[in-house]
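Student: A single structure is presented below for examination.
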Protein chains: 2
Amino acid sequence: MREINKEKALVVFSGGQDSTTCLYWAKQMFKEVSALTFIYGQKHIQEVDAAERIARQAGVHWDKMDVSFIAHLGRNSLTDSTMEMDQMQPVGGVPNTFVPGRNLFFLSVAAVYARERGISHIVTGVGETDFSGYPDCRDAFIKSLNVSLNLAMDEQFVIHTPLMWIDKAETWAMADRLGVFDIVRNETLTCYNGIKGDGCGHCPACRLRREGLEKYLATKNHG
Amino acid sequence: MREINKEKALVVFSGGQDSTTCLYWAKQMFKEVSALTFIYGQKHIQEVDAAERIARQAGVHWDKMDVSFIAHLGRNSLTDSTMEMDQMQPVGGVPNTFVPGRNLFFLSVAAVYARERGISHIVTGVGETDFSGYPDCRDAFIKSLNVSLNLAMDEQFVIHTPLMWIDKAETWAMADRLGVFDIVRNETLTCYNGIKGDGCGHCPACRLRREGLEKYLATKNHG
């Protein structure tokens with residue numbers, strides 16, 4: 001086992017609300033933060049541009065990696081343009097935006113990337129609270145994979161999931177505490193239709209984001 | 001969790017001695033066997049041709065998948081033609097043919113592939129006995145990853161490692177018991193210099209294979 005490097009962290013970074021909040025969380029926790037954005041046949045390449053812009057604005061090292069092979073492994077709507085985005089009704093318990101084991105691949109690639117650069121800490125914005133049927137967002141999976149990655153490469157990675165047990169409203173609160181509420185609100189891209197900030201307003205991602213925002217603002221104003 | 005399908009198995013298949021022995025082991029254990037060969041920037045594309053030929057001769061379904069992205073994740077001699085193949089001296093305990101987490105990616109991709117086809121059983125020829133410093137060949141890693149894969153996709157995969165605790169001589173004995181000694185000896189490609197059967201004779205893979213073969217034949221003739 002290599003020694004753990006306590007100063008550096010790598011954030012799995014999409015440029016959305018969750019991973020941007022995680023990026024600023026990591027900046028507070030570690031001396032040197034890198035952000036890694038995965039390209040995997042997203043319909044909206046502006047997601048990658050948004051990610052780069054946000055990372056550069058945050059003053060962290062930014063990199064992208066093409067993992068579009070995962071789009072060919074299983075049929076799914078996030079990468080298959082023949083399927084409708086907003087048909088999010090779960091089929092067999094899992095929404096059709098499901099890329100099987102997406103976080104398995106993201107975190108595995110992130111670990112190899114981190115290893116090459118002497119980084120031990122890996123940060124991801126996955127969470128169970130607004131759990132939408134994705135098994136690879138669960139805490140048990142992340143912890144199991146952490147062990148698997150350490151065994152696979154004889155390393156001592158530590159995967160951090162600052163949003164695991166908080167909901168969208170609490171994620172807005174975290175961004176506010178970190179002093180980046182406006183950046184997260186205006187610069188991040190969560191919308192399935194590729195519109196940054198408040199987005200299209202009607203896709204499931206926009207609805208979830210807005211409901212959390214309204215809940216947080218209501219709490220803040222009356223708190 | 002889906003129900004487990006007891007009839008179908010997928011073999012991670014390189015066309016070498018180990019995975020060919022596993023292929024015939026699987027044919028004896030399961031009704032329907034598929035073989036999946038990974039392409040990842042091997043110097044010797046004849047490995048893929050050999051794999052296809054052996055699989056077709058065995059009468060199993062064969063498929064290949066391009067995972068050459070893994071070659072770009074870390075620097076290593078199996079895919080980087082600027083490094084010498086036969087310099088296998090471990091550096092920091094791990095030989096320079098090490099693709100970090102190679103089996104992590106192979107088995108993860110195999111699991112997604114298997115899931116799409118209703119296959120629960122996955123067979124791989126990794127083993128600890130002729131352990132050459134690769135952490136991702138260890139039993140603890142394979143078992144940990146098995147759990148991670150099941151959690152990632154809410155499935156019940158079962159990873160089989162028929163060669164985990166046997167050495168090369170015992171692998172030859174297994175091939176013989178399965179009635180495929182000649183096929184394994186003459187058709188498989190293990191040699192780092194891309195020569196099938198007994199190979200170039202001087203690379204580390206050929207030496208390991210020959211030593212096992214001589215040991216097995218000595219035991220057999222005097223047993």
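Just remember, in the structure tokens the first chain shown is A, the second B, etc., residues are 1-based per chain, and ligands are 1-based in the order shown.
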Within 9 Å of chain B, which residues of chain A are there when counting only C-alpha atoms? Please give them as a PyMOL selection string.
Tutor: chain A and resi 66-67+69-70+73-75+100-105+108-109+112-113+115-116+134-138+140-154
Student: Can you pull out the residues contacting stretch 165-169 of chain B? Cut-off 6 Å, using only C-alpha atoms, and skip same-chain residues under 2 positions away; I want them as number ranges by chain.
Tutor: B: 129-130, 163, 171-172, 212-213, 215-216
Student: Superimpose chain A on chain B so that the squared distances between all in-order C-alpha pairs are minimised, and send the result as a compact mmCIF listing (two decimals) with C-alpha atoms, in the first residue's frame.
Tutor:
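Dumped everything to superposed_8.txt:
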# COMPACT_ATOMS: atom_id res chain seq x y z
CA MET A 1 -32.02 -8.31 -7.42
CA ARG A 2 -32.77 -10.24 -10.58
CA GLU A 3 -33.00 -13.99 -10.47
CA ILE A 4 -29.84 -15.85 -11.23
CA ASN A 5 -29.64 -17.70 -14.55
CA LYS A 6 -27.94 -21.01 -13.90
CA GLU A 7 -27.60 -22.05 -17.52
CA LYS A 8 -25.53 -19.30 -19.10
CA ALA A 9 -21.95 -18.22 -18.51
CA LEU A 10 -19.65 -15.59 -19.98
CA VAL A 11 -15.91 -16.29 -20.16
CA VAL A 12 -13.43 -13.39 -20.20
CA PHE A 13 -11.41 -14.79 -23.06
CA SER A 14 -7.96 -13.81 -24.32
CA GLY A 15 -7.23 -16.98 -26.28
CA GLY A 16 -4.29 -17.84 -24.04
CA GLN A 17 -3.66 -21.06 -22.15
CA ASP A 18 -5.52 -20.01 -19.01
CA SER A 19 -8.71 -18.59 -20.50
CA THR A 20 -8.95 -21.40 -23.07
CA THR A 21 -8.81 -23.93 -20.25
CA CYS A 22 -11.51 -21.87 -18.49
CA LEU A 23 -13.62 -21.84 -21.67
CA TYR A 24 -13.71 -25.65 -21.77
CA TRP A 25 -14.27 -25.79 -18.01
CA ALA A 26 -17.29 -23.51 -18.51
CA LYS A 27 -18.56 -25.67 -21.37
CA GLN A 28 -18.65 -28.59 -18.96
CA MET A 29 -20.42 -26.58 -16.24
CA PHE A 30 -23.01 -24.54 -18.19
CA LYS A 31 -25.46 -25.16 -21.01
CA GLU A 32 -24.73 -21.98 -22.93
CA VAL A 33 -21.28 -20.41 -22.96
CA SER A 34 -20.19 -17.10 -24.47
CA ALA A 35 -16.63 -15.83 -24.79
CA LEU A 36 -15.77 -12.13 -24.71
CA THR A 37 -12.37 -10.91 -25.93
CA PHE A 38 -11.10 -7.45 -25.04
CA ILE A 39 -9.16 -5.32 -27.47
CA TYR A 40 -7.00 -2.80 -25.67
CA GLY A 41 -4.09 -1.90 -27.85
CA GLN A 42 -2.33 -5.24 -27.73
CA LYS A 43 0.82 -5.24 -29.80
CA HIS A 44 -0.28 -8.50 -31.27
CA ILE A 45 -3.67 -8.34 -32.96
CA GLN A 46 -3.16 -12.02 -33.80
CA GLU A 47 -4.17 -12.59 -30.16
CA VAL A 48 -7.69 -11.51 -31.08
CA ASP A 49 -7.69 -13.70 -34.21
CA ALA A 50 -6.46 -16.66 -32.17
CA ALA A 51 -9.19 -16.05 -29.59
CA GLU A 52 -11.92 -15.98 -32.24
CA ARG A 53 -10.62 -19.16 -33.91
CA ILE A 54 -10.44 -21.06 -30.61
CA ALA A 55 -13.91 -19.92 -29.52
CA ARG A 56 -15.48 -20.89 -32.85
CA GLN A 57 -13.74 -24.26 -32.71
CA ALA A 58 -15.18 -24.73 -29.21
CA GLY A 59 -18.64 -23.98 -30.60
CA VAL A 60 -19.38 -21.07 -28.27
CA HIS A 61 -20.74 -17.62 -29.02
CA TRP A 62 -17.81 -15.22 -29.46
CA ASP A 63 -17.71 -11.46 -29.24
CA LYS A 64 -15.07 -8.79 -28.89
CA MET A 65 -15.16 -5.44 -27.19
CA ASP A 66 -12.83 -2.49 -27.67
CA VAL A 67 -11.63 -1.22 -24.30
CA SER A 68 -8.52 0.51 -25.59
CA PHE A 69 -9.33 3.46 -23.31
CA ILE A 70 -7.58 1.53 -20.55
CA ALA A 71 -4.30 1.78 -22.45
CA HIS A 72 -4.41 5.55 -22.02
CA LEU A 73 -5.07 5.49 -18.30
CA GLY A 74 -1.63 4.37 -17.22
CA ARG A 75 1.79 3.86 -18.73
CA ASN A 76 2.67 0.21 -19.26
CA SER A 77 4.61 -2.10 -21.55
CA LEU A 78 1.83 -4.38 -22.82
CA THR A 79 0.34 -1.52 -24.80
CA ASP A 80 3.19 0.99 -25.07
CA SER A 81 5.49 0.03 -27.91
CA THR A 82 8.29 2.29 -26.66
CA MET A 83 8.94 -0.09 -23.78
CA GLU A 84 10.70 -3.44 -23.98
CA MET A 85 8.45 -6.44 -23.46
CA ASP A 86 10.89 -8.72 -21.77
CA GLN A 87 11.93 -6.25 -19.10
CA MET A 88 9.68 -7.82 -16.54
CA GLN A 89 11.69 -6.84 -13.48
CA PRO A 90 9.22 -5.53 -10.97
CA VAL A 91 9.47 -1.80 -10.27
CA GLY A 92 8.05 -1.13 -6.83
CA GLY A 93 6.75 -4.69 -6.63
CA VAL A 94 4.68 -4.56 -9.82
CA PRO A 95 6.03 -5.64 -13.23
CA ASN A 96 5.99 -2.98 -15.93
CA THR A 97 3.45 -4.96 -17.94
CA PHE A 98 0.96 -3.72 -15.34
CA VAL A 99 -2.16 -2.06 -16.71
CA PRO A 100 -3.49 -0.55 -13.48
CA GLY A 101 -6.69 -2.30 -12.55
CA ARG A 102 -6.96 -4.13 -15.86
CA ASN A 103 -9.13 -6.88 -14.42
CA LEU A 104 -11.24 -4.25 -12.70
CA PHE A 105 -12.19 -2.90 -16.14
CA PHE A 106 -12.41 -6.27 -17.89
CA LEU A 107 -14.75 -7.70 -15.26
CA SER A 108 -16.82 -4.50 -15.00
CA VAL A 109 -17.36 -4.39 -18.76
CA ALA A 110 -18.03 -8.14 -18.77
CA ALA A 111 -20.68 -7.64 -16.09
CA VAL A 112 -22.52 -4.95 -18.08
CA TYR A 113 -22.27 -7.13 -21.19
CA ALA A 114 -23.56 -10.17 -19.25
CA ARG A 115 -26.41 -8.19 -17.68
CA GLU A 116 -27.70 -7.11 -21.09
CA ARG A 117 -27.87 -10.77 -22.11
CA GLY A 118 -29.35 -12.25 -18.94
CA ILE A 119 -26.08 -13.96 -17.98
CA SER A 120 -25.27 -14.27 -14.27
CA HIS A 121 -22.11 -16.38 -14.30
CA ILE A 122 -18.79 -14.80 -15.28
CA VAL A 123 -15.63 -16.89 -15.61
CA THR A 124 -12.09 -15.51 -15.52
CA GLY A 125 -8.73 -17.27 -15.64
CA VAL A 126 -6.94 -15.11 -13.07
CA GLY A 127 -5.04 -16.84 -10.31
CA GLU A 128 -2.87 -16.20 -7.30
CA THR A 129 -0.55 -19.17 -7.69
CA ASP A 130 1.69 -17.96 -10.51
CA PHE A 131 1.14 -14.53 -9.04
CA SER A 132 3.47 -12.09 -10.73
CA GLY A 133 2.79 -9.02 -8.65
CA TYR A 134 -0.62 -8.08 -10.06
CA PRO A 135 -2.94 -7.10 -7.22
CA ASP A 136 -5.98 -7.45 -9.48
CA CYS A 137 -5.41 -11.22 -9.78
CA ARG A 138 -5.87 -11.85 -6.07
CA ASP A 139 -8.83 -13.72 -4.68
CA ALA A 140 -9.72 -10.94 -2.22
CA PHE A 141 -9.96 -8.41 -5.06
CA ILE A 142 -12.15 -10.67 -7.20
CA LYS A 143 -14.53 -11.32 -4.31
CA SER A 144 -14.68 -7.65 -3.37
CA LEU A 145 -15.36 -6.68 -6.99
CA ASN A 146 -18.07 -9.34 -7.21
CA VAL A 147 -19.88 -7.59 -4.36
CA SER A 148 -19.28 -4.15 -5.89
CA LEU A 149 -20.65 -5.22 -9.28
CA ASN A 150 -23.76 -6.70 -7.68
CA LEU A 151 -24.34 -3.50 -5.71
CA ALA A 152 -23.62 -1.27 -8.72
CA MET A 153 -26.23 -2.90 -10.92
CA ASP A 154 -28.56 -4.54 -8.42
CA GLU A 155 -27.73 -7.93 -9.90
CA GLN A 156 -26.47 -11.25 -8.66
CA PHE A 157 -23.40 -12.01 -10.70
CA VAL A 158 -21.23 -14.93 -9.66
CA ILE A 159 -17.58 -14.66 -10.68
CA HIS A 160 -15.83 -18.01 -11.12
CA THR A 161 -12.05 -18.36 -10.99
CA PRO A 162 -11.30 -22.03 -11.69
CA LEU A 163 -7.54 -21.41 -11.81
CA MET A 164 -7.27 -19.24 -8.68
CA TRP A 165 -5.36 -21.76 -6.56
CA ILE A 166 -3.66 -23.96 -9.12
CA ASP A 167 -0.30 -23.49 -10.82
CA LYS A 168 0.58 -23.79 -14.50
CA ALA A 169 1.31 -27.54 -14.26
CA GLU A 170 -2.10 -28.13 -12.68
CA THR A 171 -3.68 -25.95 -15.38
CA TRP A 172 -2.16 -28.29 -18.00
CA ALA A 173 -3.57 -31.22 -16.02
CA MET A 174 -7.01 -29.58 -16.04
CA ALA A 175 -6.88 -29.11 -19.81
CA ASP A 176 -5.91 -32.76 -20.17
CA ARG A 177 -8.80 -33.91 -17.96
CA LEU A 178 -11.15 -31.74 -20.05
CA GLY A 179 -9.86 -33.52 -23.18
CA VAL A 180 -8.37 -30.39 -24.73
CA PHE A 181 -4.66 -30.74 -23.99
CA ASP A 182 -3.71 -30.63 -27.69
CA ILE A 183 -5.98 -27.65 -28.45
CA VAL A 184 -4.52 -25.68 -25.55
CA ARG A 185 -0.95 -26.68 -26.44
CA ASN A 186 -1.18 -25.96 -30.17
CA GLU A 187 -3.83 -23.27 -30.65
CA THR A 188 -3.50 -20.89 -27.73
CA LEU A 189 -1.33 -17.79 -27.73
CA THR A 190 0.42 -16.87 -24.50
CA CYS A 191 3.76 -15.64 -25.89
CA TYR A 192 4.58 -11.92 -25.53
CA ASN A 193 6.07 -12.07 -29.02
CA GLY A 194 2.81 -13.18 -30.60
CA ILE A 195 3.78 -16.76 -31.54
CA LYS A 196 1.07 -19.34 -30.82
CA GLY A 197 1.56 -22.80 -29.32
CA ASP A 198 4.98 -23.21 -27.71
CA GLY A 199 5.78 -19.58 -28.64
CA CYS A 200 9.15 -17.87 -28.88
CA GLY A 201 10.44 -19.89 -25.96
CA HIS A 202 12.36 -17.11 -24.25
CA CYS A 203 9.87 -14.46 -23.07
CA PRO A 204 8.66 -14.71 -19.46
CA ALA A 205 5.22 -16.01 -20.52
CA CYS A 206 6.77 -18.77 -22.63
CA ARG A 207 9.16 -19.74 -19.83
CA LEU A 208 6.33 -19.96 -17.29
CA ARG A 209 4.18 -21.96 -19.69
CA ARG A 210 6.99 -24.36 -20.64
CA GLU A 211 8.07 -24.96 -17.03
CA GLY A 212 4.47 -25.83 -16.14
CA LEU A 213 4.17 -28.10 -19.14
CA GLU A 214 7.41 -29.92 -18.36
CA LYS A 215 6.38 -30.34 -14.74
CA TYR A 216 2.98 -31.72 -15.74
CA LEU A 217 4.39 -34.11 -18.34
CA ALA A 218 7.00 -35.36 -15.85
CA THR A 219 4.27 -36.02 -13.27
CA LYS A 220 2.06 -37.71 -15.86
CA ASN A 221 4.77 -39.97 -17.20
CA HIS A 222 5.93 -41.03 -13.74
CA GLY A 223 2.56 -40.87 -12.02
Student: Which parts of stretch 101-206 of chain B does DSSP call helix (DSSP H, G or I) when run on the backbone here, written out as a PyMOL selection string?
Tutor: chain B and resi 102-116+135-137+139-153+168-177+181-187+204-206
Student: Could you pull out the residues in stretch 43-201 of chain B that DSSP calls strand (DSSP E) from the backbone, as a VMD selection string?
Tutor: chain B and resid 61 to 66 121 to 123 158 to 160
Student: Store the residues picked out above, limited to C-alpha atoms, as a PDB file, in the first residue's frame.
Tutor:
ATOM      1  CA  HIS B  61     -20.712 -17.627 -28.990  1.00  0.00           C
ATOM      2  CA  TRP B  62     -17.795 -15.211 -29.446  1.00  0.00           C
ATOM      3  CA  ASP B  63     -17.705 -11.461 -29.239  1.00  0.00           C
ATOM      4  CA  LYS B  64     -15.067  -8.784 -28.899  1.00  0.00           C
ATOM      5  CA  MET B  65     -15.154  -5.427 -27.198  1.00  0.00           C
ATOM      6  CA  ASP B  66     -12.838  -2.488 -27.658  1.00  0.00           C
ATOM      7  CA  HIS B 121     -22.100 -16.386 -14.307  1.00  0.00           C
ATOM      8  CA  ILE B 122     -18.788 -14.798 -15.275  1.00  0.00           C
ATOM      9  CA  VAL B 123     -15.623 -16.881 -15.607  1.00  0.00           C
ATOM     10  CA  VAL B 158     -21.228 -14.942  -9.667  1.00  0.00           C
ATOM     11  CA  ILE B 159     -17.574 -14.665 -10.677  1.00  0.00           C
ATOM     12  CA  HIS B 160     -15.836 -18.019 -11.107  1.00  0.00           C
TER      13      HIS B 160
END
